[in-house]
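Chemist: The following block contains the structure, expressed as structure tokens.
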Amino acid sequence: MLKYLTYDIVFQEFPDEVTLAINLSCCPNHCKGCHSAILCEDVGTLLDENALFSLIDKYDGGITCVALMGGDNDPLLVSKLLLSVKERYCGRLKTGWYSGKQKIPDNITLEVFDYIKLGPYKEECGAIKEKTTNQRFYKVEDNTLKDLTYKFWKQ
């Protein structure tokens, strides 16, 4: 089961995209120094296909990407929901997932995603905008991961 607490239109989390970012709760990772620690709690509204499509339809035509921020408590459902976005919107909306895990679960296929951010927040390494970060941001191309983390770094 997935729940969302908040959502917003964002421009930085997925470079070159206007993204509807949906912040999921029930995070099992409990990263020290997390900027959204409330997302570790069991709070928010159930996120099913109807709720997801309702959020997307509010901004349809103004967004290029839909992203689930979290969902490590149920990665199969993350995958299923983003697949339904691809199908319903005929592939015209890109999909992304921010996971706090170090790697993609074995039972998840890459075809569902256009972007994936992996890695827990480690205070000593810094956020993704720091060159010292342990987190990685990938674009999925031809079922492989292309590292685009550098796009977050100041030039």
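For the structure tokens, the naming scheme is as follows: chains receive sequential letters (A, B, ...) according to their order of presentation, residues are indexed from 1 within each chain, and ligands are indexed from 1 in presentation order.
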Could you pull the residues within 12 Å of range 84-91 of chain A, counting only C-alpha atoms, minus those fewer than 5 positions along the same chain, as a PDB file with all heavy atoms, in the first residue's frame?
Modeler:
```pdb
ATOM      1  N   ASP A  48      -3.819   5.147  -5.114  1.00  0.00           N
ATOM      2  CA  ASP A  48      -4.158   4.080  -6.049  1.00  0.00           C
ATOM      3  C   ASP A  48      -4.245   4.716  -7.437  1.00  0.00           C
ATOM      4  O   ASP A  48      -3.961   5.904  -7.596  1.00  0.00           O
ATOM      5  CB  ASP A  48      -5.454   3.374  -5.643  1.00  0.00           C
ATOM      6  CG  ASP A  48      -6.651   4.312  -5.550  1.00  0.00           C
ATOM      7  OD1 ASP A  48      -6.586   5.470  -6.040  1.00  0.00           O
ATOM      8  OD2 ASP A  48      -7.679   3.884  -5.002  1.00  0.00           O
ATOM      9  N   GLU A  49      -4.616   3.932  -8.434  1.00  0.00           N
ATOM     10  CA  GLU A  49      -4.689   4.477  -9.795  1.00  0.00           C
ATOM     11  C   GLU A  49      -5.639   5.662  -9.888  1.00  0.00           C
ATOM     12  O   GLU A  49      -5.324   6.655 -10.538  1.00  0.00           O
ATOM     13  CB  GLU A  49      -5.112   3.395 -10.793  1.00  0.00           C
ATOM     14  CG  GLU A  49      -4.002   2.495 -11.224  1.00  0.00           C
ATOM     15  CD  GLU A  49      -4.415   1.553 -12.341  1.00  0.00           C
ATOM     16  OE1 GLU A  49      -5.594   1.585 -12.805  1.00  0.00           O
ATOM     17  OE2 GLU A  49      -3.553   0.776 -12.787  1.00  0.00           O
ATOM     18  N   ASN A  50      -6.799   5.574  -9.271  1.00  0.00           N
ATOM     19  CA  ASN A  50      -7.769   6.674  -9.346  1.00  0.00           C
ATOM     20  C   ASN A  50      -7.212   7.954  -8.760  1.00  0.00           C
ATOM     21  O   ASN A  50      -7.351   9.033  -9.348  1.00  0.00           O
ATOM     22  CB  ASN A  50      -9.084   6.296  -8.652  1.00  0.00           C
ATOM     23  CG  ASN A  50      -9.856   5.243  -9.426  1.00  0.00           C
ATOM     24  OD1 ASN A  50      -9.728   5.134 -10.643  1.00  0.00           O
ATOM     25  ND2 ASN A  50     -10.636   4.466  -8.716  1.00  0.00           N
ATOM     26  N   ALA A  51      -6.590   7.861  -7.590  1.00  0.00           N
ATOM     27  CA  ALA A  51      -6.010   9.050  -6.958  1.00  0.00           C
ATOM     28  C   ALA A  51      -4.868   9.599  -7.808  1.00  0.00           C
ATOM     29  O   ALA A  51      -4.747  10.825  -7.996  1.00  0.00           O
ATOM     30  CB  ALA A  51      -5.520   8.713  -5.558  1.00  0.00           C
ATOM     31  N   LEU A  52      -4.040   8.711  -8.335  1.00  0.00           N
ATOM     32  CA  LEU A  52      -2.917   9.140  -9.170  1.00  0.00           C
ATOM     33  C   LEU A  52      -3.403   9.836 -10.433  1.00  0.00           C
ATOM     34  O   LEU A  52      -2.936  10.930 -10.769  1.00  0.00           O
ATOM     35  CB  LEU A  52      -2.046   7.926  -9.528  1.00  0.00           C
ATOM     36  CG  LEU A  52      -0.829   8.203 -10.403  1.00  0.00           C
ATOM     37  CD1 LEU A  52       0.116   9.205  -9.758  1.00  0.00           C
ATOM     38  CD2 LEU A  52      -0.103   6.886 -10.699  1.00  0.00           C
ATOM     39  N   PHE A  53      -4.363   9.240 -11.128  1.00  0.00           N
ATOM     40  CA  PHE A  53      -4.876   9.854 -12.357  1.00  0.00           C
ATOM     41  C   PHE A  53      -5.557  11.187 -12.068  1.00  0.00           C
ATOM     42  O   PHE A  53      -5.466  12.120 -12.859  1.00  0.00           O
ATOM     43  CB  PHE A  53      -5.843   8.915 -13.071  1.00  0.00           C
ATOM     44  CG  PHE A  53      -5.206   7.640 -13.573  1.00  0.00           C
ATOM     45  CD1 PHE A  53      -5.984   6.511 -13.790  1.00  0.00           C
ATOM     46  CD2 PHE A  53      -3.846   7.546 -13.841  1.00  0.00           C
ATOM     47  CE1 PHE A  53      -5.425   5.329 -14.257  1.00  0.00           C
ATOM     48  CE2 PHE A  53      -3.275   6.373 -14.311  1.00  0.00           C
ATOM     49  CZ  PHE A  53      -4.070   5.263 -14.515  1.00  0.00           C
ATOM     50  N   SER A  54      -6.213  11.289 -10.943  1.00  0.00           N
ATOM     51  CA  SER A  54      -6.856  12.548 -10.557  1.00  0.00           C
ATOM     52  C   SER A  54      -5.821  13.655 -10.375  1.00  0.00           C
ATOM     53  O   SER A  54      -6.021  14.784 -10.837  1.00  0.00           O
ATOM     54  CB  SER A  54      -7.652  12.343  -9.267  1.00  0.00           C
ATOM     55  OG  SER A  54      -8.251  13.548  -8.865  1.00  0.00           O
ATOM     56  N   LEU A  55      -4.705  13.325  -9.725  1.00  0.00           N
ATOM     57  CA  LEU A  55      -3.636  14.316  -9.561  1.00  0.00           C
ATOM     58  C   LEU A  55      -3.038  14.702 -10.915  1.00  0.00           C
ATOM     59  O   LEU A  55      -2.828  15.887 -11.198  1.00  0.00           O
ATOM     60  CB  LEU A  55      -2.534  13.764  -8.655  1.00  0.00           C
ATOM     61  CG  LEU A  55      -2.866  13.600  -7.185  1.00  0.00           C
ATOM     62  CD1 LEU A  55      -1.735  12.877  -6.458  1.00  0.00           C
ATOM     63  CD2 LEU A  55      -3.134  14.948  -6.545  1.00  0.00           C
ATOM     64  N   ILE A  56      -2.774  13.721 -11.751  1.00  0.00           N
ATOM     65  CA  ILE A  56      -2.189  13.986 -13.067  1.00  0.00           C
ATOM     66  C   ILE A  56      -3.129  14.849 -13.903  1.00  0.00           C
ATOM     67  O   ILE A  56      -2.699  15.815 -14.544  1.00  0.00           O
ATOM     68  CB  ILE A  56      -1.857  12.677 -13.797  1.00  0.00           C
ATOM     69  CG1 ILE A  56      -0.737  11.932 -13.077  1.00  0.00           C
ATOM     70  CG2 ILE A  56      -1.474  12.951 -15.258  1.00  0.00           C
ATOM     71  CD1 ILE A  56      -0.519  10.512 -13.569  1.00  0.00           C
ATOM     72  N   ASP A  57      -4.409  14.524 -13.898  1.00  0.00           N
ATOM     73  CA  ASP A  57      -5.372  15.241 -14.734  1.00  0.00           C
ATOM     74  C   ASP A  57      -5.487  16.720 -14.343  1.00  0.00           C
ATOM     75  O   ASP A  57      -5.811  17.558 -15.181  1.00  0.00           O
ATOM     76  CB  ASP A  57      -6.735  14.559 -14.696  1.00  0.00           C
ATOM     77  CG  ASP A  57      -6.718  13.225 -15.435  1.00  0.00           C
ATOM     78  OD1 ASP A  57      -5.786  12.971 -16.216  1.00  0.00           O
ATOM     79  OD2 ASP A  57      -7.653  12.421 -15.202  1.00  0.00           O
ATOM     80  N   ASP A  60      -2.424  18.009 -16.344  1.00  0.00           N
ATOM     81  CA  ASP A  60      -2.175  17.475 -17.682  1.00  0.00           C
ATOM     82  C   ASP A  60      -2.057  18.620 -18.680  1.00  0.00           C
ATOM     83  O   ASP A  60      -2.868  19.536 -18.699  1.00  0.00           O
ATOM     84  CB  ASP A  60      -3.288  16.513 -18.093  1.00  0.00           C
ATOM     85  CG  ASP A  60      -2.899  15.655 -19.273  1.00  0.00           C
ATOM     86  OD1 ASP A  60      -1.695  15.575 -19.580  1.00  0.00           O
ATOM     87  OD2 ASP A  60      -3.796  15.070 -19.899  1.00  0.00           O
ATOM     88  N   GLY A  61      -1.040  18.569 -19.494  1.00  0.00           N
ATOM     89  CA  GLY A  61      -0.746  19.630 -20.454  1.00  0.00           C
ATOM     90  C   GLY A  61       0.303  20.591 -19.914  1.00  0.00           C
ATOM     91  O   GLY A  61       0.940  21.307 -20.678  1.00  0.00           O
ATOM     92  N   ILE A  63       2.633  19.420 -17.467  1.00  0.00           N
ATOM     93  CA  ILE A  63       3.734  18.616 -16.945  1.00  0.00           C
ATOM     94  C   ILE A  63       4.266  17.693 -18.032  1.00  0.00           C
ATOM     95  O   ILE A  63       3.563  17.372 -18.994  1.00  0.00           O
ATOM     96  CB  ILE A  63       3.300  17.779 -15.716  1.00  0.00           C
ATOM     97  CG1 ILE A  63       2.128  16.852 -16.057  1.00  0.00           C
ATOM     98  CG2 ILE A  63       2.962  18.689 -14.538  1.00  0.00           C
ATOM     99  CD1 ILE A  63       1.745  15.873 -14.949  1.00  0.00           C
ATOM    100  N   THR A  64       5.518  17.292 -17.859  1.00  0.00           N
ATOM    101  CA  THR A  64       6.134  16.355 -18.806  1.00  0.00           C
ATOM    102  C   THR A  64       6.518  15.037 -18.144  1.00  0.00           C
ATOM    103  O   THR A  64       6.909  14.092 -18.823  1.00  0.00           O
ATOM    104  CB  THR A  64       7.395  16.972 -19.441  1.00  0.00           C
ATOM    105  OG1 THR A  64       8.347  17.262 -18.400  1.00  0.00           O
ATOM    106  CG2 THR A  64       7.058  18.242 -20.211  1.00  0.00           C
ATOM    107  N   CYS A  65       6.430  15.000 -16.807  1.00  0.00           N
ATOM    108  CA  CYS A  65       6.894  13.834 -16.061  1.00  0.00           C
ATOM    109  C   CYS A  65       6.054  13.664 -14.795  1.00  0.00           C
ATOM    110  O   CYS A  65       5.606  14.653 -14.205  1.00  0.00           O
ATOM    111  CB  CYS A  65       8.367  14.046 -15.688  1.00  0.00           C
ATOM    112  SG  CYS A  65       9.184  12.682 -14.842  1.00  0.00           S
ATOM    113  N   VAL A  66       5.862  12.421 -14.403  1.00  0.00           N
ATOM    114  CA  VAL A  66       5.196  12.081 -13.145  1.00  0.00           C
ATOM    115  C   VAL A  66       6.192  11.253 -12.348  1.00  0.00           C
ATOM    116  O   VAL A  66       6.749  10.283 -12.861  1.00  0.00           O
ATOM    117  CB  VAL A  66       3.913  11.261 -13.382  1.00  0.00           C
ATOM    118  CG1 VAL A  66       3.311  10.815 -12.060  1.00  0.00           C
ATOM    119  CG2 VAL A  66       2.921  12.056 -14.193  1.00  0.00           C
ATOM    120  N   ALA A  67       6.405  11.655 -11.087  1.00  0.00           N
ATOM    121  CA  ALA A  67       7.405  10.966 -10.277  1.00  0.00           C
ATOM    122  C   ALA A  67       6.864  10.609  -8.909  1.00  0.00           C
ATOM    123  O   ALA A  67       6.146  11.396  -8.287  1.00  0.00           O
ATOM    124  CB  ALA A  67       8.637  11.841 -10.115  1.00  0.00           C
ATOM    125  N   LEU A  68       7.230   9.427  -8.469  1.00  0.00           N
ATOM    126  CA  LEU A  68       6.915   8.993  -7.125  1.00  0.00           C
ATOM    127  C   LEU A  68       8.186   9.129  -6.298  1.00  0.00           C
ATOM    128  O   LEU A  68       9.223   8.547  -6.631  1.00  0.00           O
ATOM    129  CB  LEU A  68       6.392   7.559  -7.125  1.00  0.00           C
ATOM    130  CG  LEU A  68       5.106   7.356  -7.922  1.00  0.00           C
ATOM    131  CD1 LEU A  68       4.637   5.910  -7.848  1.00  0.00           C
ATOM    132  CD2 LEU A  68       4.003   8.296  -7.450  1.00  0.00           C
ATOM    133  N   LEU A  77       4.304  -1.960  -6.284  1.00  0.00           N
ATOM    134  CA  LEU A  77       3.179  -1.066  -6.535  1.00  0.00           C
ATOM    135  C   LEU A  77       3.646   0.224  -7.206  1.00  0.00           C
ATOM    136  O   LEU A  77       2.957   0.741  -8.086  1.00  0.00           O
ATOM    137  CB  LEU A  77       2.411  -0.766  -5.246  1.00  0.00           C
ATOM    138  CG  LEU A  77       1.113   0.019  -5.410  1.00  0.00           C
ATOM    139  CD1 LEU A  77       0.182  -0.595  -6.457  1.00  0.00           C
ATOM    140  CD2 LEU A  77       0.396   0.147  -4.068  1.00  0.00           C
ATOM    141  N   VAL A  78       4.817   0.721  -6.845  1.00  0.00           N
ATOM    142  CA  VAL A  78       5.398   1.882  -7.544  1.00  0.00           C
ATOM    143  C   VAL A  78       5.492   1.571  -9.030  1.00  0.00           C
ATOM    144  O   VAL A  78       5.050   2.341  -9.890  1.00  0.00           O
ATOM    145  CB  VAL A  78       6.796   2.242  -6.979  1.00  0.00           C
ATOM    146  CG1 VAL A  78       7.541   3.187  -7.902  1.00  0.00           C
ATOM    147  CG2 VAL A  78       6.673   2.840  -5.586  1.00  0.00           C
ATOM    148  N   SER A  79       6.056   0.420  -9.332  1.00  0.00           N
ATOM    149  CA  SER A  79       6.229  -0.008 -10.719  1.00  0.00           C
ATOM    150  C   SER A  79       4.883  -0.136 -11.434  1.00  0.00           C
ATOM    151  O   SER A  79       4.707   0.326 -12.568  1.00  0.00           O
ATOM    152  CB  SER A  79       6.989  -1.333 -10.740  1.00  0.00           C
ATOM    153  OG  SER A  79       7.206  -1.773 -12.044  1.00  0.00           O
ATOM    154  N   GLY A  96       9.247   8.788 -13.264  1.00  0.00           N
ATOM    155  CA  GLY A  96      10.450   8.756 -12.453  1.00  0.00           C
ATOM    156  C   GLY A  96      10.171   8.218 -11.063  1.00  0.00           C
ATOM    157  O   GLY A  96       9.038   8.249 -10.582  1.00  0.00           O
ATOM    158  N   GLU A 111      11.814  -0.953 -17.765  1.00  0.00           N
ATOM    159  CA  GLU A 111      10.997  -0.384 -18.847  1.00  0.00           C
ATOM    160  C   GLU A 111       9.942   0.607 -18.365  1.00  0.00           C
ATOM    161  O   GLU A 111       9.475   1.443 -19.125  1.00  0.00           O
ATOM    162  CB  GLU A 111      10.289  -1.482 -19.648  1.00  0.00           C
ATOM    163  CG  GLU A 111      11.205  -2.447 -20.346  1.00  0.00           C
ATOM    164  CD  GLU A 111      11.597  -3.618 -19.445  1.00  0.00           C
ATOM    165  OE1 GLU A 111      10.798  -4.062 -18.606  1.00  0.00           O
ATOM    166  OE2 GLU A 111      12.736  -4.078 -19.596  1.00  0.00           O
ATOM    167  N   VAL A 112       9.542   0.492 -17.122  1.00  0.00           N
ATOM    168  CA  VAL A 112       8.489   1.338 -16.564  1.00  0.00           C
ATOM    169  C   VAL A 112       8.981   2.769 -16.334  1.00  0.00           C
ATOM    170  O   VAL A 112       8.205   3.705 -16.326  1.00  0.00           O
ATOM    171  CB  VAL A 112       7.997   0.721 -15.232  1.00  0.00           C
ATOM    172  CG1 VAL A 112       7.027   1.625 -14.511  1.00  0.00           C
ATOM    173  CG2 VAL A 112       7.378  -0.628 -15.488  1.00  0.00           C
ATOM    174  N   PHE A 113      10.286   2.924 -16.164  1.00  0.00           N
ATOM    175  CA  PHE A 113      10.857   4.194 -15.745  1.00  0.00           C
ATOM    176  C   PHE A 113      11.619   4.901 -16.864  1.00  0.00           C
ATOM    177  O   PHE A 113      12.278   4.263 -17.674  1.00  0.00           O
ATOM    178  CB  PHE A 113      11.837   3.978 -14.584  1.00  0.00           C
ATOM    179  CG  PHE A 113      11.260   3.190 -13.453  1.00  0.00           C
ATOM    180  CD1 PHE A 113      11.547   1.840 -13.311  1.00  0.00           C
ATOM    181  CD2 PHE A 113      10.413   3.770 -12.535  1.00  0.00           C
ATOM    182  CE1 PHE A 113      11.030   1.098 -12.265  1.00  0.00           C
ATOM    183  CE2 PHE A 113       9.877   3.050 -11.483  1.00  0.00           C
ATOM    184  CZ  PHE A 113      10.181   1.711 -11.353  1.00  0.00           C
ATOM    185  N   ASP A 114      11.534   6.221 -16.840  1.00  0.00           N
ATOM    186  CA  ASP A 114      12.415   7.043 -17.667  1.00  0.00           C
ATOM    187  C   ASP A 114      13.587   7.549 -16.833  1.00  0.00           C
ATOM    188  O   ASP A 114      14.666   7.797 -17.362  1.00  0.00           O
ATOM    189  CB  ASP A 114      11.639   8.231 -18.253  1.00  0.00           C
ATOM    190  CG  ASP A 114      10.602   7.773 -19.262  1.00  0.00           C
ATOM    191  OD1 ASP A 114      11.004   7.305 -20.344  1.00  0.00           O
ATOM    192  OD2 ASP A 114       9.401   7.840 -18.953  1.00  0.00           O
TER     193      ASP A 114
END
```
Chemist: Using DSSP on the backbone coordinates, identify the residues of range 12-54 of chain A assigned to strand (DSSP E); present them as a PyMOL selection string.
Modeler: chain A and resi 19-24+45-46
Chemist: List every residue of chain A that DSSP, applied to the backbone of this structure, assigns to helix (DSSP H, G or I), and report them as JSON, numbers by chain.
Modeler: {"A": [37, 38, 39, 40, 49, 50, 51, 52, 53, 54, 55, 56, 57, 58, 59, 75, 76, 77, 78, 79, 80, 81, 82, 83, 84, 85, 86, 87, 88, 110, 111, 112, 149, 150, 151, 152]}
Chemist: For CA of Thr45 in chain A and CA of Ile108 in chain A, quote the distance in Å rounded to one decimal.
Modeler: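 Distance between the two atoms: 24.2 Å.
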Chemist: Have a look at A:Arg136, A:Asp42, A:Lys131, A:Asp142 and name the one nearest to Lys154 in chain A; count only C-alpha atoms.
Modeler: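 Using only C-alpha atoms, Lys154 in chain A sits closest to A:Lys131.
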Chemist: Quick one: residues within 7 Å of Asn134 in chain A, only C-alpha atoms, excluding same-chain residues fewer than 2 positions away - as a list in words?
Modeler: Gly119, Cys125, Thr132 and Arg136 of chain A
Chemist: Store the residues of this selection in a file with N, CA, C and O atoms, as an mmCIF file, in the first residue's frame.
Modeler:
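After the write, part-v5.cif holds the following:
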```cif
data_model
loop_
_atom_site.group_PDB
_atom_site.id
_atom_site.type_symbol
_atom_site.label_atom_id
_atom_site.label_comp_id
_atom_site.auth_asym_id
_atom_site.auth_seq_id
_atom_site.Cartn_x
_atom_site.Cartn_y
_atom_site.Cartn_z
ATOM 1 N N GLY A 119 19.739 5.640 -3.848
ATOM 2 C CA GLY A 119 20.674 5.895 -2.763
ATOM 3 C C GLY A 119 20.047 6.589 -1.580
ATOM 4 O O GLY A 119 19.281 7.530 -1.743
ATOM 5 N N CYS A 125 27.976 12.473 3.133
ATOM 6 C CA CYS A 125 28.240 12.544 1.692
ATOM 7 C C CYS A 125 27.563 13.744 1.035
ATOM 8 O O CYS A 125 27.951 14.151 -0.056
ATOM 9 N N THR A 132 30.226 15.001 -3.803
ATOM 10 C CA THR A 132 30.603 13.927 -2.883
ATOM 11 C C THR A 132 29.444 12.979 -2.571
ATOM 12 O O THR A 132 29.614 12.016 -1.820
ATOM 13 N N ARG A 136 22.692 8.566 -6.789
ATOM 14 C CA ARG A 136 22.876 8.603 -8.236
ATOM 15 C C ARG A 136 21.534 8.787 -8.920
ATOM 16 O O ARG A 136 20.527 8.189 -8.541
#
```
Chemist: For the atom pair CA of Asn107 in chain A and CA of Leu20 in chain A, what is the interatomic distance in Å to one decimal place?
Modeler: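 Here the two named atoms are 25.4 Å from each other.
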Chemist: Just want the 10 Å neighbourhood of Val43 in chain A, counted on only C-alpha atoms, with same-chain residues fewer than 5 positions away dropped. Output as an MDAnalysis selection string.
Modeler: chainID A and resid 3:5 24:26 38
Chemist: Compare A:Cys40, A:Leu83, A:Val140, A:Leu47 by their minimum atom-to-atom distance to Tyr115 in chain A, counting only C-alpha atoms, and give me the closest one.
Modeler: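 Answer, going by the shortest atom-to-atom distance: A:Val140.
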